[in-house]
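> I am sharing work-v4.cif, which consists of mmCIF, C-alpha atoms:
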```cif
data_structure
#
loop_
_atom_site.label_atom_id
_atom_site.label_comp_id
_atom_site.auth_asym_id
_atom_site.auth_seq_id
_atom_site.Cartn_x
_atom_site.Cartn_y
_atom_site.Cartn_z
CA MET D 17 -28.75 -28.26 2.54
CA GLU D 18 -26.57 -27.31 5.50
CA ALA D 19 -23.59 -29.15 4.01
CA PHE D 20 -24.03 -27.18 0.78
CA THR D 21 -23.96 -23.84 2.61
CA ASP D 22 -21.06 -24.93 4.77
CA PHE D 23 -19.13 -25.84 1.63
CA TRP D 24 -19.60 -22.36 0.14
CA ILE D 25 -18.79 -20.64 3.42
CA HIS D 26 -15.58 -22.63 3.79
CA LEU D 27 -14.65 -22.08 0.16
CA TYR D 28 -15.11 -18.31 0.54
CA ALA D 29 -13.14 -18.36 3.81
CA LEU D 30 -10.30 -20.18 2.08
CA THR D 31 -10.21 -17.76 -0.86
CA ALA D 32 -10.56 -14.69 1.36
CA PHE D 33 -7.74 -15.89 3.60
CA VAL D 34 -5.15 -14.94 0.99
CA PRO D 35 -6.90 -12.49 -1.38
CA PHE D 36 -3.81 -11.38 -3.26
CA LEU D 37 -2.94 -14.92 -4.26
CA TRP D 38 -6.21 -14.93 -6.21
CA PHE D 39 -5.31 -11.57 -7.76
CA PHE D 40 -2.26 -13.14 -9.38
CA VAL D 41 -4.03 -16.40 -10.28
CA ILE D 42 -6.87 -14.54 -12.01
CA TRP D 43 -4.48 -12.11 -13.68
CA ILE D 44 -2.39 -14.92 -15.14
CA ALA D 45 -5.47 -16.87 -16.30
CA VAL D 46 -7.11 -13.86 -17.98
CA TYR D 47 -3.84 -12.70 -19.52
CA LEU D 48 -3.12 -16.14 -20.96
CA LYS D 49 -6.63 -16.27 -22.43
CA THR D 50 -6.92 -12.73 -23.81
CA ARG D 51 -3.32 -11.41 -23.97
CA GLU D 52 -4.62 -8.08 -22.61
CA SER D 53 -2.84 -7.01 -19.45
CA LYS D 54 -5.16 -4.05 -18.83
CA ARG D 55 -8.26 -6.25 -18.94
CA ALA D 56 -6.57 -8.87 -16.75
CA THR D 57 -5.64 -6.25 -14.16
CA LYS D 58 -9.14 -4.76 -14.02
CA LEU D 59 -10.86 -8.14 -13.65
CA SER D 60 -8.34 -9.23 -11.01
CA MET D 61 -8.93 -6.03 -9.06
CA ASP D 62 -12.69 -6.51 -9.20
CA VAL D 63 -12.59 -10.08 -7.87
CA THR D 64 -9.96 -9.26 -5.24
CA THR D 65 -12.05 -6.33 -3.97
CA LEU D 66 -14.87 -8.73 -3.17
CA LEU D 67 -12.44 -10.98 -1.30
CA LEU D 68 -10.87 -8.02 0.49
CA ILE D 69 -14.24 -6.94 1.87
CA GLY D 70 -14.55 -10.27 3.67
CA SER D 71 -10.91 -10.37 4.71
CA VAL D 72 -10.78 -6.86 6.11
CA SER D 73 -14.05 -7.23 7.99
CA SER D 74 -12.85 -10.54 9.48
CA LEU D 75 -9.49 -9.09 10.49
CA TYR D 76 -11.24 -6.11 12.03
CA SER D 77 -13.52 -8.41 14.00
CA ILE D 78 -10.63 -10.53 15.26
CA ILE D 79 -8.40 -7.62 16.24
CA PHE D 80 -10.97 -5.30 17.79
CA HIS D 81 -13.39 -7.96 19.08
CA ASN D 82 -16.54 -6.57 17.49
CA SER D 83 -18.49 -7.29 14.33
CA PHE D 84 -18.89 -3.77 12.99
CA GLY D 85 -16.18 -4.17 10.31
CA PHE D 86 -18.44 -5.29 7.48
CA TYR D 87 -21.01 -2.60 8.18
CA MET D 88 -18.28 0.05 8.34
CA ILE D 89 -17.02 -1.02 4.91
CA VAL D 90 -20.54 -0.87 3.48
CA LEU D 91 -21.00 2.56 5.08
CA PHE D 92 -17.81 3.86 3.45
CA PHE D 93 -18.93 2.51 0.08
CA LEU D 94 -22.30 4.25 0.45
CA ILE D 95 -20.71 7.54 1.51
CA GLY D 96 -18.25 7.26 -1.40
CA TYR D 97 -21.13 6.61 -3.80
CA GLY D 98 -22.88 9.74 -2.57
CA LEU D 99 -19.77 11.89 -2.83
CA ILE D 100 -18.82 10.66 -6.31
CA GLY D 101 -22.43 10.89 -7.48
CA ASN D 102 -22.72 14.46 -6.19
CA TYR D 103 -19.45 15.42 -7.89
CA GLN D 104 -20.55 13.81 -11.15
CA TYR D 105 -23.95 15.53 -11.02
CA ARG D 106 -22.38 18.94 -10.40
CA LEU D 107 -19.83 18.40 -13.18
CA ARG D 108 -22.06 16.89 -15.90
CA GLY D 109 -25.63 17.45 -14.75
CA ALA D 110 -26.40 13.72 -14.88
CA ILE D 111 -25.41 10.61 -12.97
CA ASN D 112 -23.90 7.54 -14.62
CA HIS D 113 -24.33 4.78 -12.03
CA THR D 114 -22.07 2.32 -13.85
CA LYS D 115 -19.12 4.70 -13.81
CA ILE D 116 -19.69 5.55 -10.15
CA ILE D 117 -19.77 1.89 -9.12
CA ARG D 118 -16.72 1.06 -11.23
CA ALA D 119 -14.73 3.97 -9.80
CA LEU D 120 -15.84 3.19 -6.27
CA TRP D 121 -14.94 -0.50 -6.66
CA ARG D 122 -11.42 0.36 -7.90
CA ILE D 123 -10.88 2.95 -5.16
CA GLY D 124 -12.16 0.36 -2.71
CA PHE D 125 -9.50 -2.06 -3.96
CA ILE D 126 -6.72 0.39 -3.20
CA LEU D 127 -8.06 1.46 0.20
CA LEU D 128 -9.00 -2.06 1.31
CA SER D 129 -5.55 -3.32 0.27
CA ILE D 130 -3.91 -0.70 2.46
CA VAL D 131 -6.24 -1.44 5.38
CA TYR D 132 -5.70 -5.19 4.90
CA PHE D 133 -1.93 -4.87 5.26
CA ILE D 134 -2.23 -2.50 8.23
CA LEU D 135 -4.62 -4.87 10.03
CA LEU D 136 -2.41 -7.83 9.13
CA ILE D 137 0.58 -6.12 10.74
CA ILE D 138 -1.46 -5.12 13.80
CA GLY D 139 -2.75 -8.67 14.16
CA PHE D 140 0.74 -10.09 13.81
CA ILE D 141 2.11 -7.72 16.48
CA GLN D 142 -0.85 -8.48 18.73
CA THR D 143 -0.17 -12.21 18.38
CA LEU D 144 3.52 -11.72 19.21
CA ILE D 145 2.68 -9.69 22.31
CA ASP D 146 0.14 -12.27 23.53
CA ILE D 147 2.67 -15.10 23.30
#
```
What does this structure look like when you write it as structure tokens?

Amino acid sequence: MEAFTDFWIHLYALTAFVPFLWFFVIWIAVYLKTRESKRATKLSMDVTTLLLIGSVSSLYSIIFHNSFGFYMIVLFFLIGYGLIGNYQYRLRGAINHTKIIRALWRIGFILLSIVYFILLIIGFIQTLIDI
């Protein structure tokens, strides 16, 4: 059983190591199957967001030497859900959870991509200074 879990952990670590490679791989695969670039982009963003959560939290842990990165990302998602839900309730008088989650996931893709590249640059500079 331990080998099975180790396999999945290592597979996720490998895929999360280069999340944007998977964005392009998934985009090409979905586009070749459906010929819809909009659908391919959305699905690629959704999968890459999941990988970016792991990548950003790992980079944060490595650079700042603490394990709060994942919990901070979850906290920002929860705060974002509350803000978007409140805005939607005030605007329409009802809450559509599917739309909130979809919007939050896509906003998360953009913000996590930016944070990923910033942390990657910081980590690279930190490595150069330590040498």
> Rounded to one decimal place, report the CA of Gly70 (chain D)-CA of Ile42 (chain D) distance in Å.
18.0 Å
> Evaluate the PyMOL selection byres ((chain D and resi 119) around 12) and record the selected residues as a PyMOL selection string, following the chain and residue labels used in the document.
chain D and resi 58+61-62+93+96-97+99-101+104+112-118+120-126
> Using C-alpha atoms, can you write the selected residues to a file as a CSV table (one decimal), in the frame of the given file?

```csv
chain,number,residue,atom,x,y,z
D,58,LYS,CA,-9.1,-4.8,-14.0
D,61,MET,CA,-8.9,-6.0,-9.1
D,62,ASP,CA,-12.7,-6.5,-9.2
D,93,PHE,CA,-18.9,2.5,0.1
D,96,GLY,CA,-18.2,7.3,-1.4
D,97,TYR,CA,-21.1,6.6,-3.8
D,99,LEU,CA,-19.8,11.9,-2.8
D,100,ILE,CA,-18.8,10.7,-6.3
D,101,GLY,CA,-22.4,10.9,-7.5
D,104,GLN,CA,-20.6,13.8,-11.2
D,112,ASN,CA,-23.9,7.5,-14.6
D,113,HIS,CA,-24.3,4.8,-12.0
D,114,THR,CA,-22.1,2.3,-13.8
D,115,LYS,CA,-19.1,4.7,-13.8
D,116,ILE,CA,-19.7,5.6,-10.2
D,117,ILE,CA,-19.8,1.9,-9.1
D,118,ARG,CA,-16.7,1.1,-11.2
D,120,LEU,CA,-15.8,3.2,-6.3
D,121,TRP,CA,-14.9,-0.5,-6.7
D,122,ARG,CA,-11.4,0.4,-7.9
D,123,ILE,CA,-10.9,3.0,-5.2
D,124,GLY,CA,-12.2,0.4,-2.7
D,125,PHE,CA,-9.5,-2.1,-4.0
D,126,ILE,CA,-6.7,0.4,-3.2
```
> Just to confirm, what's the straight-line distance from CA of Ile145 (chain D) to CA of Thr31 (chain D) in Å (one decimal)?
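Taking CA of Ile145 (chain D) as the start and CA of Thr31 (chain D) as the end point, the length is 27.7 Å.
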> Using only C-alpha atoms for the distances, tell me which of D:Thr65, D:Phe86, D:Ile111, D:Tyr103 is nearest to Ile130 (chain D).
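Result for the nearest residue to Ile130 (chain D): D:Thr65.
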> Expressed in Å to a single decimal, how great is the separation between CA of His81 (chain D) and CA of Val34 (chain D)?
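So the answer is 21.1 Å.
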> Please write as a short mmCIF file (atom, residue, chain, number, x, y, z; two decimals) with C-alpha atoms, in the coordinates of the input the list of polymer residues whose atoms come within 8 Å of (-13.1, -13.8, 2.7), counting all atoms listed in the file and keeping to the coordinates of the file.

```
data_model
loop_
_atom_site.label_atom_id
_atom_site.label_comp_id
_atom_site.auth_asym_id
_atom_site.auth_seq_id
_atom_site.Cartn_x
_atom_site.Cartn_y
_atom_site.Cartn_z
CA TYR D 28 -15.11 -18.31 0.54
CA ALA D 29 -13.14 -18.36 3.81
CA LEU D 30 -10.30 -20.18 2.08
CA THR D 31 -10.21 -17.76 -0.86
CA ALA D 32 -10.56 -14.69 1.36
CA PHE D 33 -7.74 -15.89 3.60
CA PRO D 35 -6.90 -12.49 -1.38
CA LEU D 66 -14.87 -8.73 -3.17
CA LEU D 67 -12.44 -10.98 -1.30
CA LEU D 68 -10.87 -8.02 0.49
CA ILE D 69 -14.24 -6.94 1.87
CA GLY D 70 -14.55 -10.27 3.67
CA SER D 71 -10.91 -10.37 4.71
CA SER D 74 -12.85 -10.54 9.48
#
```
> Considering all atoms listed in the file, return as a PyMOL selection string whatever protein or nucleic-acid residues lie within 9 Å of region 135-142 of chain D, sequence-local ones (same chain, fewer than 5 positions apart) excluded.
chain D and resi 72+75-76+78-79+130+147
> Given the file shown, enumerate the residues that the PyMOL selection byres ((chain D and resi 60) around 10) captures and present them as JSON, numbers by chain.
{"D": [36, 38, 39, 40, 41, 42, 43, 44, 45, 46, 54, 55, 56, 57, 58, 59, 61, 62, 63, 64, 65]}
> Let me make sure I understand: among D:Thr50, D:Asp22, D:Leu37, D:Tyr132, which one has the smallest atom-to-atom distance to Gly85 (chain D) if we use only C-alpha atoms?
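Selected residue with least distance to Gly85 (chain D): D:Tyr132.
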> Some atoms are absent from region 65-94 of chain D, so rebuild N, CA and C atoms and return them as a PDB file, in the coordinates of the input.

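See result07.pdb below for the written result:
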```
ATOM      1  N   THR D  65     -11.318  -7.268  -4.831  1.00  0.00           N
ATOM      2  CA  THR D  65     -12.050  -6.330  -3.970  1.00  0.00           C
ATOM      3  C   THR D  65     -13.133  -7.061  -3.194  1.00  0.00           C
ATOM      4  N   LEU D  66     -13.837  -7.949  -3.857  1.00  0.00           N
ATOM      5  CA  LEU D  66     -14.870  -8.730  -3.170  1.00  0.00           C
ATOM      6  C   LEU D  66     -14.253  -9.573  -2.056  1.00  0.00           C
ATOM      7  N   LEU D  67     -13.113 -10.177  -2.323  1.00  0.00           N
ATOM      8  CA  LEU D  67     -12.440 -10.980  -1.300  1.00  0.00           C
ATOM      9  C   LEU D  67     -11.889 -10.108  -0.173  1.00  0.00           C
ATOM     10  N   LEU D  68     -11.414  -8.919  -0.528  1.00  0.00           N
ATOM     11  CA  LEU D  68     -10.870  -8.020   0.490  1.00  0.00           C
ATOM     12  C   LEU D  68     -11.941  -7.526   1.456  1.00  0.00           C
ATOM     13  N   ILE D  69     -13.161  -7.357   0.986  1.00  0.00           N
ATOM     14  CA  ILE D  69     -14.240  -6.940   1.870  1.00  0.00           C
ATOM     15  C   ILE D  69     -14.409  -7.950   2.993  1.00  0.00           C
ATOM     16  N   GLY D  70     -14.439  -9.222   2.649  1.00  0.00           N
ATOM     17  CA  GLY D  70     -14.550 -10.270   3.670  1.00  0.00           C
ATOM     18  C   GLY D  70     -13.327 -10.362   4.542  1.00  0.00           C
ATOM     19  N   SER D  71     -12.150 -10.251   3.952  1.00  0.00           N
ATOM     20  CA  SER D  71     -10.910 -10.370   4.710  1.00  0.00           C
ATOM     21  C   SER D  71     -10.732  -9.230   5.706  1.00  0.00           C
ATOM     22  N   VAL D  72     -10.953  -8.016   5.240  1.00  0.00           N
ATOM     23  CA  VAL D  72     -10.780  -6.860   6.110  1.00  0.00           C
ATOM     24  C   VAL D  72     -11.807  -6.863   7.236  1.00  0.00           C
ATOM     25  N   SER D  73     -13.047  -7.207   6.926  1.00  0.00           N
ATOM     26  CA  SER D  73     -14.050  -7.230   7.990  1.00  0.00           C
ATOM     27  C   SER D  73     -13.748  -8.333   9.005  1.00  0.00           C
ATOM     28  N   SER D  74     -13.228  -9.465   8.547  1.00  0.00           N
ATOM     29  CA  SER D  74     -12.850 -10.540   9.480  1.00  0.00           C
ATOM     30  C   SER D  74     -11.658 -10.136  10.334  1.00  0.00           C
ATOM     31  N   LEU D  75     -10.642  -9.550   9.721  1.00  0.00           N
ATOM     32  CA  LEU D  75      -9.490  -9.090  10.490  1.00  0.00           C
ATOM     33  C   LEU D  75      -9.886  -8.043  11.516  1.00  0.00           C
ATOM     34  N   TYR D  76     -10.756  -7.138  11.107  1.00  0.00           N
ATOM     35  CA  TYR D  76     -11.240  -6.110  12.030  1.00  0.00           C
ATOM     36  C   TYR D  76     -11.950  -6.745  13.220  1.00  0.00           C
ATOM     37  N   SER D  77     -12.785  -7.736  12.934  1.00  0.00           N
ATOM     38  CA  SER D  77     -13.520  -8.410  14.000  1.00  0.00           C
ATOM     39  C   SER D  77     -12.589  -9.144  14.956  1.00  0.00           C
ATOM     40  N   ILE D  78     -11.573  -9.783  14.422  1.00  0.00           N
ATOM     41  CA  ILE D  78     -10.630 -10.530  15.260  1.00  0.00           C
ATOM     42  C   ILE D  78      -9.786  -9.589  16.113  1.00  0.00           C
ATOM     43  N   ILE D  79      -9.303  -8.519  15.520  1.00  0.00           N
ATOM     44  CA  ILE D  79      -8.400  -7.620  16.240  1.00  0.00           C
ATOM     45  C   ILE D  79      -9.131  -6.781  17.269  1.00  0.00           C
ATOM     46  N   PHE D  80     -10.277  -6.221  16.904  1.00  0.00           N
ATOM     47  CA  PHE D  80     -10.970  -5.300  17.790  1.00  0.00           C
ATOM     48  C   PHE D  80     -12.148  -5.919  18.539  1.00  0.00           C
ATOM     49  N   HIS D  81     -12.373  -7.208  18.344  1.00  0.00           N
ATOM     50  CA  HIS D  81     -13.390  -7.960  19.080  1.00  0.00           C
ATOM     51  C   HIS D  81     -14.800  -7.387  18.959  1.00  0.00           C
ATOM     52  N   ASN D  82     -15.153  -6.942  17.769  1.00  0.00           N
ATOM     53  CA  ASN D  82     -16.540  -6.570  17.490  1.00  0.00           C
ATOM     54  C   ASN D  82     -16.840  -6.852  16.020  1.00  0.00           C
ATOM     55  N   SER D  83     -18.099  -6.890  15.679  1.00  0.00           N
ATOM     56  CA  SER D  83     -18.490  -7.290  14.330  1.00  0.00           C
ATOM     57  C   SER D  83     -18.962  -6.122  13.477  1.00  0.00           C
ATOM     58  N   PHE D  84     -18.461  -4.951  13.737  1.00  0.00           N
ATOM     59  CA  PHE D  84     -18.890  -3.770  12.990  1.00  0.00           C
ATOM     60  C   PHE D  84     -18.105  -3.576  11.698  1.00  0.00           C
ATOM     61  N   GLY D  85     -17.063  -4.363  11.464  1.00  0.00           N
ATOM     62  CA  GLY D  85     -16.180  -4.170  10.310  1.00  0.00           C
ATOM     63  C   GLY D  85     -16.888  -4.188   8.982  1.00  0.00           C
ATOM     64  N   PHE D  86     -17.734  -5.186   8.756  1.00  0.00           N
ATOM     65  CA  PHE D  86     -18.440  -5.290   7.480  1.00  0.00           C
ATOM     66  C   PHE D  86     -19.361  -4.095   7.261  1.00  0.00           C
ATOM     67  N   TYR D  87     -20.069  -3.721   8.307  1.00  0.00           N
ATOM     68  CA  TYR D  87     -21.010  -2.600   8.180  1.00  0.00           C
ATOM     69  C   TYR D  87     -20.267  -1.276   7.968  1.00  0.00           C
ATOM     70  N   MET D  88     -19.080  -1.149   8.546  1.00  0.00           N
ATOM     71  CA  MET D  88     -18.280   0.050   8.340  1.00  0.00           C
ATOM     72  C   MET D  88     -17.818   0.136   6.883  1.00  0.00           C
ATOM     73  N   ILE D  89     -17.433  -0.998   6.311  1.00  0.00           N
ATOM     74  CA  ILE D  89     -17.020  -1.020   4.910  1.00  0.00           C
ATOM     75  C   ILE D  89     -18.187  -0.640   4.006  1.00  0.00           C
ATOM     76  N   VAL D  90     -19.348  -1.205   4.264  1.00  0.00           N
ATOM     77  CA  VAL D  90     -20.540  -0.870   3.480  1.00  0.00           C
ATOM     78  C   VAL D  90     -20.874   0.614   3.626  1.00  0.00           C
ATOM     79  N   LEU D  91     -20.745   1.137   4.842  1.00  0.00           N
ATOM     80  CA  LEU D  91     -21.000   2.560   5.080  1.00  0.00           C
ATOM     81  C   LEU D  91     -20.054   3.436   4.273  1.00  0.00           C
ATOM     82  N   PHE D  92     -18.764   3.082   4.239  1.00  0.00           N
ATOM     83  CA  PHE D  92     -17.810   3.860   3.450  1.00  0.00           C
ATOM     84  C   PHE D  92     -18.111   3.786   1.955  1.00  0.00           C
ATOM     85  N   PHE D  93     -18.546   2.622   1.486  1.00  0.00           N
ATOM     86  CA  PHE D  93     -18.930   2.510   0.080  1.00  0.00           C
ATOM     87  C   PHE D  93     -20.143   3.393  -0.225  1.00  0.00           C
ATOM     88  N   LEU D  94     -21.115   3.416   0.675  1.00  0.00           N
ATOM     89  CA  LEU D  94     -22.300   4.250   0.450  1.00  0.00           C
ATOM     90  C   LEU D  94     -21.966   5.740   0.497  1.00  0.00           C
TER      91      LEU D  94
END
```
